[in-house]
file start.txt (compact mmCIF, C-alpha atoms)
# COMPACT_ATOMS: atom_id res chain seq x y z
CA MET A 883 -3.29 4.44 -11.06
CA GLY A 884 -1.49 5.66 -14.12
CA GLU A 885 1.46 7.39 -12.56
CA ALA A 886 4.71 5.77 -11.68
CA PHE A 887 5.43 5.41 -8.03
CA GLU A 888 8.18 7.57 -6.73
CA SER A 889 11.37 6.05 -5.60
CA GLY A 890 13.81 8.34 -3.95
CA TRP A 891 17.03 6.62 -4.90
CA GLU A 892 16.49 6.79 -8.61
CA GLY A 893 15.97 10.52 -8.46
CA ASN A 894 19.51 10.99 -7.34
CA ILE A 895 21.35 8.31 -9.16
CA SER A 896 21.19 8.63 -12.89
CA ARG A 897 19.75 5.53 -14.49
CA GLY A 898 18.94 4.47 -17.98
CA LEU A 899 15.47 3.68 -19.14
CA THR A 900 16.25 0.12 -20.01
CA MET A 901 17.66 -1.41 -16.87
CA PRO A 902 17.48 -0.51 -13.23
CA THR A 903 21.23 -0.86 -12.86
CA SER A 904 21.68 1.65 -10.11
CA SER A 905 22.14 -0.38 -7.03
CA LEU A 906 21.68 0.83 -3.54
CA VAL A 907 25.19 0.68 -2.16
CA MET A 908 26.20 0.83 1.47
CA PHE A 909 29.77 1.43 2.60
CA GLU A 910 31.36 0.71 5.95
CA GLU A 911 31.68 4.37 6.92
CA GLU A 912 28.05 5.32 6.31
CA PHE A 913 26.86 2.06 7.83
CA LYS A 914 28.69 2.92 11.04
CA GLN A 915 27.24 6.43 11.05
CA ILE A 916 23.72 5.08 10.56
CA THR A 917 24.26 2.58 13.36
CA VAL A 918 25.38 5.35 15.72
CA VAL A 919 22.20 7.31 14.98
CA ILE A 920 19.84 4.40 15.50
CA ASP A 921 21.67 3.18 18.60
CA ARG A 922 21.12 6.62 20.07
CA LEU A 923 17.50 6.68 18.93
CA LEU A 924 16.93 3.32 20.59
CA LYS A 925 18.23 4.65 23.89
CA GLU A 926 16.64 8.09 23.82
CA ALA A 927 13.24 6.81 22.71
CA ASN A 928 13.31 3.96 25.22
CA ALA A 929 12.52 1.65 22.33
CA LYS A 930 13.00 -2.10 22.03
CA VAL A 931 14.25 -2.30 18.46
CA VAL A 932 15.00 0.14 15.65
CA PHE A 933 15.33 -0.83 11.99
CA VAL A 934 16.32 1.02 8.85
CA VAL A 935 14.85 -0.56 5.73
CA ASP A 936 15.03 0.58 2.14
CA LYS A 937 11.84 1.10 0.20
CA ASP A 938 12.42 -2.07 -1.82
CA GLY A 939 12.37 -4.19 1.31
CA GLN A 940 16.05 -4.69 2.06
CA LEU A 941 17.19 -4.39 5.65
CA ILE A 942 19.90 -1.75 5.95
CA ALA A 943 20.64 -1.65 9.67
CA SER A 944 19.13 -2.54 13.02
CA SER A 945 19.65 -1.77 16.68
CA GLY A 946 18.35 -3.39 19.85
CA ASP A 947 17.30 -6.93 20.65
CA THR A 948 16.40 -8.43 17.28
CA GLY A 949 16.85 -11.98 18.54
CA ASP A 950 13.23 -13.11 18.29
CA ILE A 951 12.40 -11.11 15.19
CA ASP A 952 12.59 -12.38 11.64
CA THR A 953 14.30 -9.25 10.38
CA THR A 954 14.20 -10.18 6.70
CA SER A 955 10.45 -10.67 6.77
CA LEU A 956 10.00 -7.53 8.81
CA ALA A 957 11.91 -5.52 6.21
CA SER A 958 9.94 -6.93 3.32
CA LEU A 959 6.55 -6.47 4.98
CA THR A 960 7.40 -2.94 6.11
CA ALA A 961 8.28 -2.01 2.54
CA GLY A 962 5.04 -3.64 1.33
CA ASN A 963 3.13 -1.72 3.97
CA ILE A 964 4.71 1.59 2.97
CA ALA A 965 4.15 0.83 -0.71
CA ALA A 966 0.47 0.01 -0.13
CA THR A 967 -0.19 3.08 2.00
CA GLY A 968 1.75 5.14 -0.53
CA GLY A 969 -0.65 3.86 -3.19
CA LEU A 970 -3.58 4.84 -0.96
CA ALA A 971 -2.08 8.29 -0.45
CA LYS A 972 -1.85 8.86 -4.18
CA LEU A 973 -5.47 7.81 -4.62
CA ILE A 974 -6.59 10.61 -2.37
CA GLY A 975 -4.14 13.15 -3.77
CA GLU A 976 -1.44 12.94 -1.11
CA ARG A 977 2.19 12.35 -2.05
CA GLU A 978 2.73 9.84 0.71
CA PHE A 979 1.85 9.17 4.33
CA SER A 980 5.12 9.83 6.03
CA ILE A 981 4.21 8.25 9.38
CA LEU A 982 2.36 5.02 10.16
CA PHE A 983 1.56 3.85 13.64
CA HIS A 984 0.38 0.38 14.62
CA GLU A 985 -0.78 -0.14 18.17
CA GLY A 986 -0.62 -3.60 19.67
CA GLU A 987 -1.58 -5.01 23.06
CA ARG A 988 2.03 -5.11 24.15
CA ASP A 989 4.25 -3.71 21.45
CA ASN A 990 3.72 -0.87 19.02
CA LEU A 991 5.24 -0.07 15.66
CA HIS A 992 6.15 3.43 14.57
CA ILE A 993 7.06 3.56 10.89
CA SER A 994 8.28 6.69 9.16
CA ILE A 995 9.80 7.59 5.84
CA VAL A 996 13.14 9.36 5.94
CA ALA A 997 13.89 11.74 3.11
CA GLN A 998 11.52 9.78 0.85
CA ARG A 999 14.20 7.11 0.61
CA VAL A 1000 14.38 4.77 3.54
CA ILE A 1001 12.00 3.58 6.19
CA LEU A 1002 12.69 3.94 9.89
CA VAL A 1003 10.90 1.38 12.06
CA VAL A 1004 10.73 1.71 15.85
CA ILE A 1005 9.27 -1.03 18.04
CA PHE A 1006 8.37 0.09 21.54
CA ASP A 1007 6.23 -0.95 24.50
CA GLN A 1008 4.71 0.74 27.55
CA LYS A 1009 8.13 1.84 28.74
CA SER A 1010 7.96 4.53 26.08
CA SER A 1011 5.21 6.59 24.51
CA LEU A 1012 4.13 7.61 21.05
CA GLY A 1013 4.95 11.24 21.80
CA LEU A 1014 8.49 10.46 22.89
CA VAL A 1015 9.09 8.16 19.92
CA ARG A 1016 7.80 10.78 17.49
CA LEU A 1017 10.03 13.43 18.99
CA ARG A 1018 13.17 11.31 18.89
CA VAL A 1019 12.40 9.94 15.44
CA LYS A 1020 12.22 13.47 14.09
CA LYS A 1021 15.72 14.26 15.29
CA ALA A 1022 17.15 10.94 14.10
CA SER A 1023 15.50 11.40 10.70
CA ASP A 1024 17.34 14.66 10.13
CA GLU A 1025 20.64 12.99 10.96
CA LEU A 1026 19.90 9.99 8.77
CA ASN A 1027 18.93 12.30 5.95
CA THR A 1028 22.35 13.96 6.06
CA ILE A 1029 24.15 10.61 6.03
CA LEU A 1030 22.04 9.35 3.13
CA GLN A 1031 22.71 12.47 1.09
CA LYS A 1032 26.42 11.94 1.59
CA LEU A 1033 26.10 8.30 0.64
CA LEU A 1034 24.29 9.18 -2.57
CA GLN A 1035 26.94 11.69 -3.51
CA ARG A 1036 29.62 9.12 -2.84
CA VAL A 1037 27.87 6.53 -5.01
CA GLU A 1038 27.46 9.06 -7.80
CA LYS A 1039 31.05 10.22 -7.68
CA LYS A 1040 32.89 7.01 -7.06
CA PRO A 1041 31.26 3.92 -8.38
CA SER A 1042 34.70 2.31 -8.81
CA ASP A 1043 34.57 0.14 -5.66
CA GLN A 1044 31.38 -1.37 -6.85
CA GLU A 1045 32.59 -1.83 -10.40
CA ASN A 1046 35.65 -3.66 -9.22
CA LEU A 1047 33.70 -6.13 -7.16
CA LEU A 1048 31.15 -6.87 -9.83
CA SER A 1049 33.47 -7.02 -12.78
CA GLU A 1050 35.60 -9.58 -10.97
CA ILE A 1051 32.69 -12.01 -10.79
CA THR A 1052 33.24 -14.79 -13.29
CA ASP A 1053 30.72 -17.11 -14.90
CA GLY A 1054 32.37 -19.87 -12.91
CA ASP A 1055 31.56 -18.05 -9.64
CA ILE A 1056 27.92 -17.85 -10.66
CA ASP A 1057 27.77 -21.53 -11.64
CA LYS A 1058 29.33 -22.52 -8.33
CA LEU A 1059 26.38 -21.04 -6.44
CA PHE A 1060 24.27 -23.92 -7.60
CA HIS A 1061 26.52 -26.77 -6.62
CA MET B 115 17.24 -2.66 -7.67
CA SER B 116 20.00 -4.64 -6.09
CA PHE B 117 21.44 -3.66 -2.76
CA ILE B 118 25.18 -4.06 -2.34
CA ASN B 119 26.28 -3.77 1.24
CA TYR B 120 30.05 -3.48 1.61
CA SER B 121 29.69 -3.33 5.34
CA SER B 122 27.98 -6.69 5.81
CA ARG B 123 29.44 -7.96 2.52
CA GLU B 124 26.15 -8.87 0.95
CA ILE B 125 24.57 -8.60 -2.47
CA ASN B 126 20.77 -8.57 -2.33
CA CYS B 127 18.58 -8.90 -5.39
CA LYS B 128 14.84 -8.98 -5.99
CA ILE B 129 13.17 -11.47 -8.30
CA VAL B 130 9.48 -11.25 -9.12
CA TYR B 131 7.29 -14.11 -10.35
CA TYR B 132 4.66 -12.65 -12.66
CA GLY B 133 1.80 -14.29 -14.54
CA PRO B 134 -1.97 -14.70 -14.78
CA GLY B 135 -4.16 -15.85 -11.89
CA LEU B 136 -3.75 -19.51 -10.89
CA CYS B 137 -0.74 -20.07 -13.17
CA GLY B 138 1.39 -21.42 -10.32
CA LYS B 139 3.54 -18.53 -9.07
CA THR B 140 2.91 -19.31 -5.41
CA THR B 141 3.36 -23.02 -6.17
CA ASN B 142 6.85 -22.27 -7.52
CA LEU B 143 7.81 -20.46 -4.32
CA SER B 144 6.26 -23.12 -2.11
CA PHE B 145 8.30 -25.82 -3.83
CA ILE B 146 11.52 -23.80 -3.51
CA PHE B 147 10.70 -23.26 0.16
CA LYS B 148 10.08 -26.97 0.75
CA LYS B 149 13.19 -28.17 -1.03
CA THR B 150 15.71 -25.63 0.22
CA ASN B 151 17.82 -26.31 3.26
CA PRO B 152 16.35 -24.18 6.10
CA GLU B 153 19.82 -22.71 6.64
CA HIS B 154 19.62 -21.15 3.21
CA ARG B 155 16.18 -19.69 3.31
CA GLY B 156 13.98 -17.61 5.57
CA LYS B 157 10.30 -17.94 6.28
CA MET B 158 7.89 -17.85 3.38
CA ILE B 159 5.29 -15.16 3.83
CA SER B 160 2.01 -15.37 1.95
CA LEU B 161 -0.39 -12.48 2.09
CA ALA B 162 -3.34 -14.45 0.78
CA THR B 163 -7.10 -14.54 1.05
CA GLU B 164 -8.91 -17.24 3.01
CA THR B 165 -9.22 -19.22 -0.20
CA GLU B 166 -5.44 -19.09 -0.63
CA ARG B 167 -5.47 -16.66 -3.51
CA THR B 168 -2.57 -14.24 -3.33
CA LEU B 169 -3.86 -10.91 -2.08
CA PHE B 170 -0.72 -8.80 -2.05
CA PHE B 171 2.40 -10.93 -2.44
CA ASP B 172 4.30 -14.02 -1.38
CA PHE B 173 7.84 -13.52 -0.19
CA LEU B 174 10.69 -15.96 0.20
CA PRO B 175 14.26 -14.90 1.06
CA LEU B 176 16.99 -17.25 -0.25
CA SER B 177 20.66 -17.26 0.51
CA LEU B 178 22.67 -18.86 -2.27
CA GLY B 179 26.26 -18.75 -1.14
CA ASP B 180 29.30 -16.55 -1.57
CA ILE B 181 30.75 -14.78 -4.55
CA LYS B 182 34.12 -13.11 -3.97
CA GLY B 183 33.44 -13.07 -0.25
CA PHE B 184 30.01 -11.50 -0.66
CA LYS B 185 26.92 -13.39 0.44
CA THR B 186 24.33 -13.49 -2.32
CA ARG B 187 20.76 -13.17 -1.18
CA PHE B 188 17.72 -13.30 -3.39
CA HIS B 189 14.32 -12.08 -2.35
CA LEU B 190 11.64 -13.90 -4.32
CA TYR B 191 8.25 -12.26 -4.65
CA THR B 192 5.07 -13.22 -6.46
CA VAL B 193 2.46 -10.77 -7.64
CA PRO B 194 -1.27 -11.39 -7.25
CA GLY B 195 -2.35 -12.68 -10.65
CA GLN B 196 -5.98 -11.69 -10.61
CA ILE B 197 -6.72 -8.80 -12.96
CA PHE B 198 -8.23 -6.46 -10.37
CA TYR B 199 -5.10 -6.45 -8.21
CA ASP B 200 -3.17 -4.35 -10.70
CA ALA B 201 -2.31 -1.63 -8.20
CA SER B 202 -0.57 -4.21 -6.01
CA ARG B 203 1.33 -5.66 -8.95
CA LYS B 204 2.79 -2.26 -9.76
CA LEU B 205 4.05 -1.88 -6.20
CA ILE B 206 5.72 -5.27 -6.16
CA LEU B 207 7.57 -4.63 -9.42
CA LYS B 208 9.29 -1.67 -7.84
CA GLY B 209 13.02 -2.26 -7.63
CA VAL B 210 12.88 -5.58 -9.48
CA ASP B 211 16.17 -7.11 -10.66
CA GLY B 212 14.82 -10.14 -12.50
CA ILE B 213 11.48 -11.56 -13.59
CA VAL B 214 10.09 -15.06 -14.02
CA PHE B 215 6.99 -14.98 -16.18
CA VAL B 216 4.93 -18.07 -15.35
CA ALA B 217 2.55 -19.00 -18.14
CA ASP B 218 -0.34 -21.43 -17.77
CA SER B 219 0.04 -23.94 -20.62
CA GLN B 220 -3.66 -24.74 -20.86
CA ILE B 221 -5.14 -23.60 -24.17
CA GLU B 222 -8.06 -21.88 -22.47
CA ARG B 223 -5.60 -19.74 -20.46
CA MET B 224 -3.79 -18.42 -23.52
CA ASP B 225 -5.67 -15.12 -23.50
CA ALA B 226 -4.96 -14.71 -19.79
CA ASN B 227 -1.24 -15.33 -20.43
CA MET B 228 -1.11 -12.73 -23.16
CA GLU B 229 -3.04 -10.23 -21.12
CA SER B 230 -0.76 -10.71 -18.12
CA PHE B 231 2.37 -10.42 -20.27
CA GLU B 232 1.15 -7.14 -21.77
CA ASN B 233 0.14 -5.93 -18.33
CA MET B 234 3.66 -6.68 -17.08
CA LYS B 235 5.22 -4.64 -19.88
CA ILE B 236 2.88 -1.71 -19.19
CA ASN B 237 3.55 -1.80 -15.46
CA LEU B 238 7.29 -1.93 -16.05
CA LYS B 239 7.14 0.96 -18.44
CA GLU B 240 5.27 3.05 -15.90
CA GLN B 241 8.29 2.72 -13.69
CA SER B 242 10.70 3.55 -16.50
CA TYR B 243 11.80 -0.04 -16.96
CA ASP B 244 11.82 -1.76 -20.30
CA LEU B 245 11.35 -5.52 -20.37
CA ALA B 246 14.13 -5.85 -22.95
CA GLY B 247 16.61 -4.46 -20.43
CA ILE B 248 15.56 -6.61 -17.49
CA PRO B 249 16.79 -10.16 -17.00
CA TYR B 250 13.76 -12.40 -17.42
CA VAL B 251 12.89 -16.01 -18.12
CA ILE B 252 9.64 -17.70 -19.06
CA GLN B 253 8.19 -20.82 -17.54
CA TYR B 254 5.48 -22.84 -19.32
CA ASN B 255 3.77 -24.39 -16.34
CA LYS B 256 1.25 -27.21 -15.94
CA ARG B 257 2.73 -29.33 -18.74
CA ASP B 258 1.17 -32.42 -17.14
CA LEU B 259 -2.40 -31.31 -17.72
CA PRO B 260 -4.51 -32.50 -20.63
CA GLY B 261 -5.34 -29.84 -23.20
CA VAL B 262 -2.11 -27.88 -23.06
CA ALA B 263 -0.88 -25.80 -25.97
CA PRO B 264 2.24 -27.08 -27.74
CA VAL B 265 5.42 -25.41 -26.44
CA ALA B 266 6.20 -24.10 -29.91
CA GLU B 267 2.87 -22.29 -29.88
CA LEU B 268 3.53 -20.79 -26.44
CA LYS B 269 6.99 -19.68 -27.53
CA LYS B 270 5.59 -18.01 -30.62
CA ILE B 271 3.13 -15.98 -28.57
CA LEU B 272 4.97 -15.28 -25.34
CA ASN B 273 8.63 -15.49 -26.20
CA VAL B 274 9.25 -13.62 -29.43
CA ASP B 275 12.44 -12.18 -27.95
CA GLY B 276 13.93 -15.59 -27.25
CA ALA B 277 14.35 -15.34 -23.49
CA PRO B 278 15.46 -18.53 -21.72
CA ASP B 279 12.33 -20.65 -21.26
CA PHE B 280 11.46 -23.80 -19.37
CA GLU B 281 8.69 -26.37 -19.27
CA ALA B 282 7.43 -27.05 -15.78
CA VAL B 283 5.03 -28.87 -13.53
CA ALA B 284 5.48 -26.64 -10.51
CA ALA B 285 3.16 -28.68 -8.30
CA ALA B 286 5.55 -31.63 -8.70
CA GLY B 287 8.65 -29.45 -8.75
CA VAL B 288 9.52 -30.15 -12.36
CA GLY B 289 11.41 -27.22 -13.88
CA VAL B 290 11.13 -25.05 -10.77
CA PHE B 291 14.81 -24.90 -9.87
CA GLU B 292 15.91 -24.79 -13.49
CA THR B 293 13.82 -21.65 -13.90
CA LEU B 294 15.17 -20.11 -10.72
CA LYS B 295 18.78 -20.87 -11.58
CA ALA B 296 18.38 -19.31 -15.02
CA VAL B 297 16.98 -16.05 -13.70
CA VAL B 298 19.55 -15.83 -10.88
CA LYS B 299 22.32 -16.29 -13.39
CA LEU B 300 20.93 -13.61 -15.68
CA VAL B 301 20.54 -11.19 -12.77
CA LEU B 302 24.14 -11.66 -11.65
CA ILE B 303 25.47 -11.33 -15.18
CA GLU B 304 23.46 -8.13 -15.63
CA LEU B 305 24.73 -6.82 -12.32
CA LYS B 306 28.25 -7.56 -13.44
CA LYS B 307 28.01 -5.75 -16.73
CA GLY B 308 25.47 -3.17 -15.71
CA THR B 309 27.53 -0.99 -13.46
call {"tool": "encode", "arguments": {"input": "start.txt", "output": "structure tokens"}}
result
Amino acid sequence: MGEAFESGWEGNISRGLTMPTSSLVMFEEEFKQITVVIDRLLKEANAKVVFVVDKDGQLIASSGDTGDIDTTSLASLTAGNIAATGGLAKLIGEREFSILFHEGERDNLHISIVAQRVILVVIFDQKSSLGLVRLRVKKASDELNTILQKLLQRVEKKPSDQENLLSEITDGDIDKLFH
Amino acid sequence: MSFINYSSREINCKIVYYGPGLCGKTTNLSFIFKKTNPEHRGKMISLATETERTLFFDFLPLSLGDIKGFKTRFHLYTVPGQIFYDASRKLILKGVDGIVFVADSQIERMDANMESFENMKINLKEQSYDLAGIPYVIQYNKRDLPGVAPVAELKKILNVDGAPDFEAVAAAGVGVFETLKAVVKLVLIELKKGT
């Protein structure tokens, strides 16, 4: 298990060896574009819920009826699941398993990796089928890939928004969190 | 790796509790879970064996309040401490923003502490992180037990770099929040200067 696990974001955002400072950043514009894609996927795949999660376990966006679902836990466990199966893949000489499918009695989970960066989760029941979900996911993945590439370029080029926000944080702000 | 979402105005960070088997990582999270207002935390997830040993990780999402109109959320994870779960530990360290190293103060666990600390450095390095560049704090846990090593001794062995360190009895909650606050503060300061 000697090799480092791949993480797509780092490959595109330059980072130093000492500190993982490169944050995943999401802006309003790209967020809206991602939401449009997953809203459409939800409809076209006849799915119940669609999530986009980053590989570190942070929920990026969701579509559909998430009311009964603990979305934070879902994001974290999905990332853990992908990380564990990614580890398995490496053990047998694969780079990753890009699709995982979990079949339940009522609901099913289709999990796929988009552009090696984010995880697309689709929850569906008997109103849809694995074939349909796979087909629609493929199309949505291409669209998400394009948006993510744009987002990465934007983060690389213009980190000023982020800098402004973070540099304005004072020690007092941080202390206040604990009162 | 933190996640800053300008759309939902959130800052998300990942903190990992590391340390040898049975040092009290899960106990730290359980105490935080118990004592935090349910409005400010999510469910605690423990992927554990039937004998309650951590198999993959524990997870606890915390919401700490606003900074400049951004909600700050911290995802707390523990690693499985047992030596043979090294592959899982590597996975959980991925994207880490801050680390709490929980040491077991008992003299007979000194070797296990050192081994785990070295293991942490190796696993970080494999992912191109260097411990010196990551916000981390050390907790000397189980101070209530008989036969514990003096804190000075623990410091000399585990904290040569002078990271913030805390004595704790996690089972009774002593030092748990102090440790958490310290690492959260370091993570935010790093985030501030790191960009």
call {"tool": "residues_around", "arguments": {"input": "start.txt", "residues": "range 985-990 of chain A", "least_positions_apart": "2", "cutoff": "12 Å", "atoms": "all atoms listed in the file", "output": "list in words"}}
result
Ala929, Lys930, Val931, Val932, Leu982, Phe983, His992, Ile993, Val1003, Val1004, Ile1005, Phe1006, Asp1007, Gln1008, Lys1009, Ser1010, Ser1011, Leu1012 and Val1015 of chain A
call {"tool": "write_last_selection", "arguments": {"input": "start.txt", "atoms": "C-alpha atoms", "output": "compact mmCIF listing (two decimals), keeping the file's coordinate frame"}}
result
# COMPACT_ATOMS: atom_id res chain seq x y z
CA ALA A 929 12.52 1.65 22.33
CA LYS A 930 13.00 -2.10 22.03
CA VAL A 931 14.25 -2.30 18.46
CA VAL A 932 15.00 0.14 15.65
CA LEU A 982 2.36 5.02 10.16
CA PHE A 983 1.56 3.85 13.64
CA HIS A 992 6.15 3.43 14.57
CA ILE A 993 7.06 3.56 10.89
CA VAL A 1003 10.90 1.38 12.06
CA VAL A 1004 10.73 1.71 15.85
CA ILE A 1005 9.27 -1.03 18.04
CA PHE A 1006 8.37 0.09 21.54
CA ASP A 1007 6.23 -0.95 24.50
CA GLN A 1008 4.71 0.74 27.55
CA LYS A 1009 8.13 1.84 28.74
CA SER A 1010 7.96 4.53 26.08
CA SER A 1011 5.21 6.59 24.51
CA LEU A 1012 4.13 7.61 21.05
CA VAL A 1015 9.09 8.16 19.92
call {"tool": "residues_around", "arguments": {"input": "start.txt", "residues": "Ser160 in chain B", "least_positions_apart": "6", "cutoff": "12 Å", "atoms": "only C-alpha atoms", "output": "PyMOL selection string"}}
result
(chain A and resi 955+958-959) or (chain B and resi 139-141+143-144+147+166-174+190-194)
call {"tool": "residues_near_point", "arguments": {"input": "start.txt", "point": "(32.1, 1.8, 6.9)", "cutoff": "12 Å", "atoms": "only C-alpha atoms", "output": "ChimeraX atom specification"}}
result
/A:907-918,1029,1033 /B:119-123
call {"tool": "interface_residues", "arguments": {"input": "start.txt", "of": "chain B", "to": "chain A", "cutoff": "8 Å", "atoms": "all atoms listed in the file", "output": "PyMOL selection string"}}
result
chain B and resi 115-121+126+156-157+159+173+175+178-182+201-202+205-206+208-211+240-248+295+299+302-303+305-309
call {"tool": "atom_distance", "arguments": {"input": "start.txt", "atom1": "CA of Phe184 in chain B", "atom2": "CA of Tyr132 in chain B"}}
result
28.1 Å
call {"tool": "residues_around", "arguments": {"input": "start.txt", "residues": "Val297 in chain B", "least_positions_apart": "6", "cutoff": "8 Å", "atoms": "only C-alpha atoms", "output": "CSV table (one decimal) with C-alpha atoms, in the coordinates of the input"}}
result
chain,number,residue,atom,x,y,z
B,212,GLY,CA,14.8,-10.1,-12.5
B,213,ILE,CA,11.5,-11.6,-13.6
B,214,VAL,CA,10.1,-15.1,-14.0
B,249,PRO,CA,16.8,-10.2,-17.0
B,250,TYR,CA,13.8,-12.4,-17.4
B,251,VAL,CA,12.9,-16.0,-18.1
call {"tool": "residues_around", "arguments": {"input": "start.txt", "residues": "Leu272 in chain B", "least_positions_apart": "2", "cutoff": "9 Å", "atoms": "only C-alpha atoms", "output": "list in words"}}
result
Ala217, Asn227, Met228, Phe231, Ile252, Glu267, Leu268, Lys269, Lys270, Val274 and Asp275 of chain B
call {"tool": "atom_distance", "arguments": {"input": "start.txt", "atom1": "CA of Ile146 in chain B", "atom2": "CA of Arg203 in chain B"}}
result
21.5 Å
call {"tool": "atom_distance", "arguments": {"input": "start.txt", "atom1": "CA of Lys149 in chain B", "atom2": "CA of Val290 in chain B"}}
result
10.4 Å
call {"tool": "closest_residue", "arguments": {"input": "start.txt", "among": "B:Phe188, B:Pro260, B:Val283, B:Thr165", "to": "Glu222 in chain B", "atoms": "all atoms listed in the file"}}
result
B:Pro260
call {"tool": "residues_around", "arguments": {"input": "start.txt", "residues": "Val262 in chain B", "least_positions_apart": "5", "cutoff": "7 Å", "atoms": "all atoms listed in the file", "output": "PyMOL selection string"}}
result
chain B and resi 219-221+257
call {"tool": "axis_aligned_box", "arguments": {"input": "start.txt", "around": "range 287-304 of chain B", "padding_each_side": "3 Å", "output": "JSON"}}
result
{"center_x": 17.1, "center_y": -19.1, "center_z": -12.2, "size_x": 22.8, "size_y": 28.0, "size_z": 12.9}
call {"tool": "closest_residue", "arguments": {"input": "start.txt", "among": "B:Val301, B:Ala162, B:Cys127, B:Ala277", "to": "Lys185 in chain B", "atoms": "all atoms listed in the file"}}
result
B:Cys127
call {"tool": "closest_residue", "arguments": {"input": "start.txt", "among": "B:Pro134, B:Arg187, B:Glu124, B:Asn142", "to": "Leu294 in chain B", "atoms": "only C-alpha atoms"}}
result
B:Asn142
call {"tool": "build_atoms", "arguments": {"input": "start.txt", "residues": "range 273-286 of chain B", "atoms": "N, CA and C atoms", "output": "PDB file, in the coordinates of the input"}}
result
ATOM      1  N   ASN B 273       7.179 -15.638 -26.269  1.00  0.00           N
ATOM      2  CA  ASN B 273       8.630 -15.490 -26.200  1.00  0.00           C
ATOM      3  C   ASN B 273       9.239 -15.113 -27.548  1.00  0.00           C
ATOM      4  N   VAL B 274       8.724 -14.067 -28.123  1.00  0.00           N
ATOM      5  CA  VAL B 274       9.250 -13.620 -29.430  1.00  0.00           C
ATOM      6  C   VAL B 274      10.700 -13.154 -29.308  1.00  0.00           C
ATOM      7  N   ASP B 275      11.084 -12.701 -28.120  1.00  0.00           N
ATOM      8  CA  ASP B 275      12.440 -12.180 -27.950  1.00  0.00           C
ATOM      9  C   ASP B 275      13.454 -13.271 -27.615  1.00  0.00           C
ATOM     10  N   GLY B 276      12.988 -14.491 -27.496  1.00  0.00           N
ATOM     11  CA  GLY B 276      13.930 -15.590 -27.250  1.00  0.00           C
ATOM     12  C   GLY B 276      14.579 -15.591 -25.879  1.00  0.00           C
ATOM     13  N   ALA B 277      13.824 -15.256 -24.855  1.00  0.00           N
ATOM     14  CA  ALA B 277      14.350 -15.340 -23.490  1.00  0.00           C
ATOM     15  C   ALA B 277      14.504 -16.822 -23.123  1.00  0.00           C
ATOM     16  N   PRO B 278      15.374 -17.135 -22.151  1.00  0.00           N
ATOM     17  CA  PRO B 278      15.460 -18.530 -21.720  1.00  0.00           C
ATOM     18  C   PRO B 278      14.080 -19.002 -21.252  1.00  0.00           C
ATOM     19  N   ASP B 279      13.659 -20.180 -21.684  1.00  0.00           N
ATOM     20  CA  ASP B 279      12.330 -20.650 -21.260  1.00  0.00           C
ATOM     21  C   ASP B 279      12.368 -22.107 -20.844  1.00  0.00           C
ATOM     22  N   PHE B 280      11.441 -22.472 -19.994  1.00  0.00           N
ATOM     23  CA  PHE B 280      11.460 -23.800 -19.370  1.00  0.00           C
ATOM     24  C   PHE B 280      10.051 -24.374 -19.284  1.00  0.00           C
ATOM     25  N   GLU B 281       9.962 -25.685 -19.516  1.00  0.00           N
ATOM     26  CA  GLU B 281       8.690 -26.370 -19.270  1.00  0.00           C
ATOM     27  C   GLU B 281       8.664 -26.764 -17.797  1.00  0.00           C
ATOM     28  N   ALA B 282       7.478 -26.736 -17.211  1.00  0.00           N
ATOM     29  CA  ALA B 282       7.430 -27.050 -15.780  1.00  0.00           C
ATOM     30  C   ALA B 282       6.109 -27.686 -15.359  1.00  0.00           C
ATOM     31  N   VAL B 283       6.211 -28.425 -14.270  1.00  0.00           N
ATOM     32  CA  VAL B 283       5.030 -28.870 -13.530  1.00  0.00           C
ATOM     33  C   VAL B 283       5.327 -28.456 -12.089  1.00  0.00           C
ATOM     34  N   ALA B 284       5.017 -27.209 -11.789  1.00  0.00           N
ATOM     35  CA  ALA B 284       5.480 -26.640 -10.510  1.00  0.00           C
ATOM     36  C   ALA B 284       4.953 -27.423  -9.312  1.00  0.00           C
ATOM     37  N   ALA B 285       3.746 -27.955  -9.417  1.00  0.00           N
ATOM     38  CA  ALA B 285       3.160 -28.680  -8.300  1.00  0.00           C
ATOM     39  C   ALA B 285       4.009 -29.905  -7.942  1.00  0.00           C
ATOM     40  N   ALA B 286       4.686 -30.474  -8.953  1.00  0.00           N
ATOM     41  CA  ALA B 286       5.550 -31.630  -8.700  1.00  0.00           C
ATOM     42  C   ALA B 286       7.023 -31.215  -8.664  1.00  0.00           C
TER      43      ALA B 286
END
